[in-house]
$ cat input_18.cif   # mmCIF, C-alpha atoms
data_my_file
#
loop_
_atom_site.label_atom_id
_atom_site.label_comp_id
_atom_site.auth_asym_id
_atom_site.auth_seq_id
_atom_site.Cartn_x
_atom_site.Cartn_y
_atom_site.Cartn_z
CA MET A 20 -23.09 -50.42 -27.94
CA ILE A 21 -19.30 -50.27 -28.31
CA ILE A 22 -17.45 -52.29 -25.68
CA SER A 23 -13.88 -51.42 -24.80
CA ASP A 24 -11.23 -54.10 -24.37
CA THR A 25 -10.91 -52.95 -20.77
CA ASP A 26 -14.63 -53.43 -20.15
CA LEU A 27 -14.63 -56.87 -21.70
CA HIS A 28 -11.57 -58.09 -19.84
CA SER A 29 -13.03 -56.82 -16.56
CA LEU A 30 -15.92 -59.24 -17.10
CA LEU A 31 -13.65 -62.25 -17.35
CA SER A 32 -12.95 -64.44 -14.33
CA PRO A 33 -9.43 -65.13 -13.03
CA ALA A 34 -9.89 -68.73 -14.18
CA GLY A 35 -8.46 -67.76 -17.56
CA ASP A 36 -11.43 -67.06 -19.83
CA GLN A 37 -10.41 -66.14 -23.36
CA LEU A 38 -12.22 -63.80 -25.73
CA PRO A 39 -13.75 -65.30 -28.88
CA VAL A 40 -11.99 -64.48 -32.14
CA GLU A 41 -14.61 -62.04 -33.38
CA MET A 42 -17.67 -60.75 -31.59
CA PRO A 43 -20.97 -59.31 -32.88
CA PHE A 44 -19.72 -55.85 -31.88
CA LEU A 45 -16.36 -54.17 -32.20
CA ASN A 46 -13.83 -53.90 -29.40
CA ALA A 47 -12.91 -50.23 -29.31
CA PRO A 48 -10.72 -48.08 -27.08
CA ALA A 49 -12.62 -46.82 -24.05
CA PRO A 50 -14.21 -43.44 -24.87
CA VAL A 51 -13.52 -40.35 -22.84
CA GLU A 52 -15.97 -40.40 -19.96
CA TYR A 53 -18.19 -37.42 -19.20
CA ASP A 54 -20.31 -37.02 -16.12
CA PHE A 55 -23.69 -35.99 -17.52
CA HIS A 56 -26.82 -35.88 -15.42
CA TYR A 57 -30.26 -35.36 -16.93
CA SER A 58 -30.95 -32.50 -14.48
CA HIS A 59 -28.27 -30.45 -16.27
CA PHE A 60 -30.68 -30.10 -19.19
CA SER A 61 -33.63 -28.66 -17.27
CA ARG A 62 -33.36 -25.18 -18.83
CA HIS A 63 -33.57 -26.47 -22.39
CA ALA A 64 -35.68 -29.60 -22.15
CA LEU A 65 -38.68 -31.17 -20.47
CA LEU A 66 -37.55 -33.92 -18.06
CA ARG A 67 -39.81 -36.90 -17.27
CA PRO A 68 -38.81 -39.65 -14.82
CA ILE A 69 -40.66 -42.82 -15.81
CA THR A 70 -40.75 -46.52 -14.98
CA HIS A 71 -41.75 -49.42 -17.22
CA GLU A 72 -42.47 -53.06 -16.49
CA ALA A 73 -40.90 -55.87 -18.49
CA GLY A 74 -42.64 -56.41 -21.82
CA SER A 75 -43.79 -52.82 -22.28
CA LYS A 76 -42.76 -50.62 -25.21
CA ILE A 77 -41.09 -47.24 -24.76
CA TYR A 78 -41.42 -46.17 -28.37
CA LEU A 79 -42.30 -47.85 -31.67
CA GLN A 80 -40.44 -48.23 -34.93
CA GLU A 81 -41.35 -45.44 -37.38
CA GLN A 82 -42.93 -43.42 -34.57
CA SER A 83 -42.14 -39.71 -34.75
CA ILE A 84 -39.12 -38.74 -32.66
CA CYS A 85 -39.94 -37.39 -29.21
CA GLY A 86 -36.79 -36.85 -27.17
CA PHE A 87 -34.29 -39.40 -25.91
CA TRP A 88 -33.74 -41.53 -22.79
CA TYR A 89 -31.27 -42.26 -20.02
CA LEU A 90 -31.51 -45.69 -18.40
CA ASN A 91 -31.08 -45.58 -14.60
CA HIS A 92 -31.49 -49.31 -14.22
CA GLY A 93 -33.03 -52.22 -16.09
CA VAL A 94 -32.44 -53.70 -19.54
CA ILE A 95 -33.81 -52.36 -22.83
CA GLY A 96 -33.78 -54.16 -26.18
CA LEU A 97 -33.85 -52.22 -29.45
CA TYR A 98 -35.61 -54.28 -32.12
CA HIS A 99 -36.05 -53.76 -35.85
CA SER A 100 -39.17 -55.27 -37.42
CA LEU A 101 -38.94 -56.58 -40.97
CA LYS A 102 -41.83 -56.48 -43.44
CA ASN A 103 -42.35 -60.23 -43.01
CA GLY A 104 -43.00 -59.70 -39.30
CA LYS A 105 -39.66 -61.07 -38.10
CA GLU A 106 -37.92 -59.06 -35.39
CA LEU A 107 -34.17 -58.64 -34.99
CA LEU A 108 -32.58 -57.69 -31.69
CA VAL A 109 -30.25 -54.94 -32.86
CA ARG A 110 -28.87 -53.57 -29.60
CA VAL A 111 -29.17 -53.99 -25.85
CA CYS A 112 -28.98 -51.13 -23.34
CA GLN A 113 -28.35 -51.35 -19.63
CA GLN A 114 -27.76 -49.04 -16.65
CA GLY A 115 -25.98 -45.83 -17.61
CA ASP A 116 -26.81 -45.93 -21.33
CA TRP A 117 -28.39 -43.17 -23.41
CA PHE A 118 -30.58 -44.21 -26.34
CA GLY A 119 -33.09 -42.84 -28.83
CA TYR A 120 -30.98 -39.73 -29.42
CA LEU A 121 -30.64 -39.85 -33.22
CA GLY A 122 -33.54 -37.43 -33.48
CA LEU A 123 -31.27 -34.68 -32.19
CA PHE A 124 -29.32 -34.91 -35.43
CA GLY A 125 -32.27 -34.68 -37.83
CA THR A 126 -33.82 -38.16 -37.95
CA GLU A 127 -37.61 -37.91 -38.22
CA CYS A 128 -38.62 -41.36 -36.95
CA TYR A 129 -37.23 -44.08 -34.71
CA HIS A 130 -35.57 -46.87 -36.71
CA CYS A 131 -36.25 -49.49 -34.04
CA HIS A 132 -38.76 -50.03 -31.28
CA ALA A 133 -37.56 -50.05 -27.69
CA CYS A 134 -38.84 -52.93 -25.57
CA VAL A 135 -38.30 -53.29 -21.82
CA LEU A 136 -36.62 -56.65 -21.19
CA GLN A 137 -36.17 -56.07 -17.46
CA ALA A 138 -38.16 -53.58 -15.34
CA ALA A 139 -36.62 -50.20 -15.99
CA SER A 140 -36.34 -46.74 -14.48
CA LEU A 141 -35.62 -44.06 -17.06
CA ASN A 142 -35.40 -40.34 -17.57
CA HIS A 143 -37.05 -39.03 -20.71
CA VAL A 144 -35.40 -35.85 -22.03
CA ILE A 145 -37.52 -33.85 -24.49
CA PRO A 146 -35.59 -30.82 -25.85
CA HIS A 147 -37.62 -27.67 -26.46
CA SER A 148 -35.55 -27.25 -29.64
CA SER A 149 -32.96 -29.75 -30.88
CA ASN A 150 -30.75 -27.02 -32.35
CA ASP A 151 -30.85 -24.90 -29.20
CA PHE A 152 -30.26 -27.94 -27.02
CA LEU A 153 -27.16 -28.98 -28.95
CA ARG A 154 -25.86 -25.40 -29.00
CA HIS A 155 -26.21 -24.97 -25.23
CA HIS A 156 -24.73 -28.39 -24.42
CA PRO A 157 -21.75 -28.76 -26.78
CA ARG A 158 -19.87 -31.33 -24.67
CA PHE A 159 -22.93 -33.55 -24.53
CA ALA A 160 -23.44 -33.07 -28.28
CA ASP A 161 -19.85 -34.22 -28.88
CA PHE A 162 -20.44 -37.20 -26.59
CA LEU A 163 -23.58 -38.24 -28.49
CA LEU A 164 -21.91 -37.70 -31.86
CA ASN A 165 -19.16 -40.10 -30.78
CA GLN A 166 -21.89 -42.59 -29.82
CA VAL A 167 -23.46 -42.19 -33.27
CA MET A 168 -20.10 -42.81 -34.96
CA ALA A 169 -19.51 -45.87 -32.79
CA SER A 170 -22.99 -47.20 -33.61
CA LEU A 171 -22.33 -46.72 -37.33
CA SER A 172 -19.06 -48.65 -37.05
CA ASP A 173 -20.92 -51.36 -35.16
CA ALA A 174 -23.65 -51.56 -37.80
CA GLU A 175 -21.09 -51.95 -40.59
CA HIS A 176 -19.27 -54.61 -38.56
CA ARG A 177 -22.52 -56.50 -37.89
CA MET A 178 -23.31 -56.58 -41.62
CA THR A 179 -19.96 -58.16 -42.49
CA TRP A 180 -20.07 -60.40 -39.40
CA ILE A 181 -23.46 -61.86 -40.40
CA ALA A 182 -22.33 -62.29 -44.02
CA HIS A 183 -18.98 -63.85 -43.14
CA TYR A 184 -19.84 -66.32 -40.37
CA ARG A 185 -21.99 -69.40 -40.45
CA THR A 186 -25.00 -69.68 -38.20
CA ARG A 187 -23.19 -71.78 -35.57
CA HIS A 188 -20.56 -69.10 -34.98
CA ARG A 189 -23.17 -66.33 -34.87
CA VAL A 190 -25.31 -68.19 -32.34
CA LEU A 191 -22.43 -69.19 -30.06
CA SER A 192 -20.76 -65.78 -30.11
CA SER A 193 -24.11 -64.06 -29.52
CA LEU A 194 -24.69 -66.34 -26.53
CA TRP A 195 -21.22 -65.51 -25.20
CA TYR A 196 -21.67 -61.78 -25.72
CA LEU A 197 -25.17 -61.49 -24.24
CA THR A 198 -24.57 -63.65 -21.16
CA ARG A 199 -21.19 -62.12 -20.37
CA TYR A 200 -21.99 -58.46 -20.95
CA PHE A 201 -25.55 -58.56 -19.57
CA PRO A 202 -25.26 -61.19 -16.82
CA GLY A 203 -28.19 -59.87 -14.78
CA TYR A 204 -30.80 -60.69 -17.42
CA ASP A 205 -32.29 -64.15 -18.03
CA TRP A 206 -31.72 -64.62 -21.75
CA THR A 207 -33.81 -67.01 -23.83
CA TRP A 208 -32.89 -68.94 -26.95
CA ARG A 209 -35.42 -66.83 -28.86
CA GLU A 210 -33.54 -63.64 -27.95
CA VAL A 211 -30.16 -65.20 -28.75
CA ALA A 212 -31.55 -66.21 -32.14
CA GLU A 213 -32.92 -62.72 -32.78
CA PHE A 214 -29.51 -61.28 -31.99
CA ALA A 215 -27.72 -63.82 -34.20
CA GLY A 216 -30.11 -63.28 -37.11
CA CYS A 217 -31.63 -66.76 -37.29
CA GLU A 218 -34.73 -68.69 -36.23
CA THR A 219 -35.15 -69.93 -32.65
CA GLU A 220 -35.32 -73.54 -33.85
CA THR A 221 -31.98 -73.08 -35.61
CA ALA A 222 -30.31 -71.69 -32.48
CA LEU A 223 -31.68 -74.54 -30.39
CA ARG A 224 -29.89 -77.07 -32.61
CA PHE A 225 -26.60 -76.01 -31.02
CA SER A 226 -27.82 -76.41 -27.43
CA LYS A 227 -27.09 -80.16 -27.50
CA GLU A 228 -23.44 -79.49 -28.38
CA LEU A 229 -23.16 -77.01 -25.52
CA ARG A 230 -24.73 -79.37 -23.01
CA GLN A 231 -22.48 -82.23 -24.04
CA ALA A 232 -19.48 -79.93 -23.52
CA GLY A 233 -20.75 -79.00 -20.04
CA ILE A 234 -21.08 -75.36 -21.01
CA LEU A 235 -24.72 -74.87 -20.05
CA ASP A 236 -25.96 -75.27 -16.49
CA ASP A 237 -29.17 -77.33 -16.78
CA SER A 238 -29.85 -77.04 -13.06
CA GLN A 239 -31.12 -73.49 -13.61
CA ARG A 240 -34.27 -72.48 -15.44
CA ARG A 241 -32.53 -69.54 -17.10
CA LEU A 242 -30.00 -69.83 -19.91
CA CYS A 243 -26.79 -70.03 -17.89
CA VAL A 244 -23.29 -70.40 -19.35
CA CYS A 245 -21.33 -71.91 -16.48
CA HIS A 246 -18.06 -72.28 -18.42
CA PRO A 247 -17.65 -69.26 -20.72
CA GLU A 248 -14.01 -70.19 -21.36
CA ARG A 249 -15.18 -73.44 -23.00
CA LEU A 250 -17.68 -71.53 -25.07
CA ALA A 251 -14.93 -69.14 -26.16
CA ALA A 252 -12.73 -72.13 -27.09
CA LEU A 253 -15.41 -73.35 -29.49
CA LEU A 254 -15.17 -70.02 -31.31
CA ALA A 255 -11.39 -69.91 -31.58
#

$ encode --input "input_18.cif" --output "structure tokens"
Amino acid sequence: MIISDTDLHSLLSPAGDQLPVEMPFLNAPAPVEYDFHYSHFSRHALLRPITHEAGSKIYLQEQSICGFWYLNHGVIGLYHSLKNGKELLVRVCQQGDWFGYLGLFGTECYHCHACVLQAASLNHVIPHSSNDFLRHHPRFADFLLNQVMASLSDAEHRMTWIAHYRTRHRVLSSLWYLTRYFPGYDWTWREVAEFAGCETETALRFSKELRQAGILDDSQRRLCVCHPERLAALLA
């Protein structure tokens, strides 16, 4: 997911939070907004409204492509499973996001599996023909192509980000990013570690530093960053 500078700054409090030096994803200019509604595609696709409880899977990695999804509400995590069984949290989707659409451009299988992190309501769009669908909805095709290009830029950035930064920076910036951009979800250290590309035990080593700095709110059961500006200062 590409996050615009405007979107990120709108999440900051008036208390003077500062953005970390470099985040897991790129800060890009806000894309041109289009008002697409899944019902617009009814002539060229099968539409299925569905709901999923937390913990369920929407589709699996290497499963044959079968349409794409719009997320009405909830939180979806896109995970990539390695051959050794380790899972990496590649991307997070929330209300208003489209995902699983690479199949429209010729991909045969899903590269990640989609897991419901928070109970979700979705609309599953299954084109009768990908080529006909794209031809009849050129503005939506342009919109998705821009999303694909943004995702590619993100993927390249993530590769250099993981290679360039030590584990501490990756864990702290992942914690900042996830809790600030997805504040309605109760993140765990395991998920932060999956996003940062390390083991849960490794991520937990930095929790003591954060508690001593008064950054984490231990009065809550969930992982709560009560002073994001202090967390950002550790990354400067």

$ resolve_selection --input "input_18.cif" --expression "the PyMOL selection byres ((chain A and resi 116) around 8)" --output "list in words"
Tyr89, Leu90, Asn91, Cys112, Gln113, Gln114, Gly115, Trp117 and Phe118 of chain A

$ write_last_selection --input "input_18.cif" --atoms "C-alpha atoms" --output "short mmCIF file (atom, residue, chain, number, x, y, z; two decimals), keeping the file's coordinate frame"
data_model
loop_
_atom_site.label_atom_id
_atom_site.label_comp_id
_atom_site.auth_asym_id
_atom_site.auth_seq_id
_atom_site.Cartn_x
_atom_site.Cartn_y
_atom_site.Cartn_z
CA TYR A 89 -31.27 -42.26 -20.02
CA LEU A 90 -31.51 -45.69 -18.40
CA ASN A 91 -31.08 -45.58 -14.60
CA CYS A 112 -28.98 -51.13 -23.34
CA GLN A 113 -28.35 -51.35 -19.63
CA GLN A 114 -27.76 -49.04 -16.65
CA GLY A 115 -25.98 -45.83 -17.61
CA TRP A 117 -28.39 -43.17 -23.41
CA PHE A 118 -30.58 -44.21 -26.34
#

$ closest_residue --input "input_18.cif" --among "A:Leu65, A:Leu250, A:Met42, A:Leu194" --to "A:Ser148" --atoms "all atoms listed in the file"
A:Leu65

$ residues_around --input "input_18.cif" --residues "stretch 121-130 of chain A" --least-positions-apart "5" --cutoff "10 Å" --atoms "only C-alpha atoms" --output "JSON, numbers by chain"
{"A": [78, 79, 80, 81, 82, 83, 84, 85, 86, 87, 97, 98, 99, 100, 145, 146, 148, 149, 150, 152, 153, 160, 163, 164, 166, 167]}

$ residues_around --input "input_18.cif" --residues "A:Leu108" --least-positions-apart "2" --cutoff "8 Å" --atoms "all atoms listed in the file" --output "PyMOL selection string"
chain A and resi 96-99+106+110-111+210+213-214

$ axis_aligned_box --input "input_18.cif" --around "stretch 110-127 of chain A" --padding-each-side "6 Å" --output "JSON"
{"center_x": -31.8, "center_y": -44.3, "center_z": -27.4, "size_x": 23.6, "size_y": 31.3, "size_z": 33.6}

$ resolve_selection --input "input_18.cif" --expression "the PyMOL selection byres ((chain A and resi 189) around 9)" --output "PDB file with C-alpha atoms, in the frame of the given file"
ATOM      1  CA  MET A  42     -17.670 -60.750 -31.590  1.00  0.00           C
ATOM      2  CA  PRO A  43     -20.970 -59.310 -32.880  1.00  0.00           C
ATOM      3  CA  TRP A 180     -20.070 -60.400 -39.400  1.00  0.00           C
ATOM      4  CA  ILE A 181     -23.460 -61.860 -40.400  1.00  0.00           C
ATOM      5  CA  TYR A 184     -19.840 -66.320 -40.370  1.00  0.00           C
ATOM      6  CA  ARG A 185     -21.990 -69.400 -40.450  1.00  0.00           C
ATOM      7  CA  THR A 186     -25.000 -69.680 -38.200  1.00  0.00           C
ATOM      8  CA  ARG A 187     -23.190 -71.780 -35.570  1.00  0.00           C
ATOM      9  CA  HIS A 188     -20.560 -69.100 -34.980  1.00  0.00           C
ATOM     10  CA  VAL A 190     -25.310 -68.190 -32.340  1.00  0.00           C
ATOM     11  CA  LEU A 191     -22.430 -69.190 -30.060  1.00  0.00           C
ATOM     12  CA  SER A 192     -20.760 -65.780 -30.110  1.00  0.00           C
ATOM     13  CA  SER A 193     -24.110 -64.060 -29.520  1.00  0.00           C
ATOM     14  CA  LEU A 194     -24.690 -66.340 -26.530  1.00  0.00           C
ATOM     15  CA  ALA A 212     -31.550 -66.210 -32.140  1.00  0.00           C
ATOM     16  CA  PHE A 214     -29.510 -61.280 -31.990  1.00  0.00           C
ATOM     17  CA  ALA A 215     -27.720 -63.820 -34.200  1.00  0.00           C
ATOM     18  CA  GLY A 216     -30.110 -63.280 -37.110  1.00  0.00           C
ATOM     19  CA  CYS A 217     -31.630 -66.760 -37.290  1.00  0.00           C
TER      20      CYS A 217
END

$ atom_distance --input "input_18.cif" --atom1 "atom CA of A:Pro157" --atom2 "atom CA of A:Ala133"
26.5 Å

$ atom_distance --input "input_18.cif" --atom1 "atom CA of A:Ala139" --atom2 "atom CA of A:Ala73"
7.5 Å

$ residues_near_point --input "input_18.cif" --point "(-26.0, -68.7, -16.6)" --cutoff "12 Å" --atoms "only C-alpha atoms" --output "list in words"
Leu194, Trp195, Leu197, Thr198, Arg199, Tyr200, Phe201, Pro202, Gly203, Tyr204, Asp205, Trp206, Thr207, Ile234, Leu235, Asp236, Asp237, Ser238, Gln239, Arg240, Arg241, Leu242, Cys243, Val244, Cys245, His246 and Pro247 of chain A

$ closest_residue --input "input_18.cif" --among "A:Ser170, A:Gln137, A:Gln231, A:Thr179" --to "A:Gly119" --atoms "only C-alpha atoms"
A:Ser170
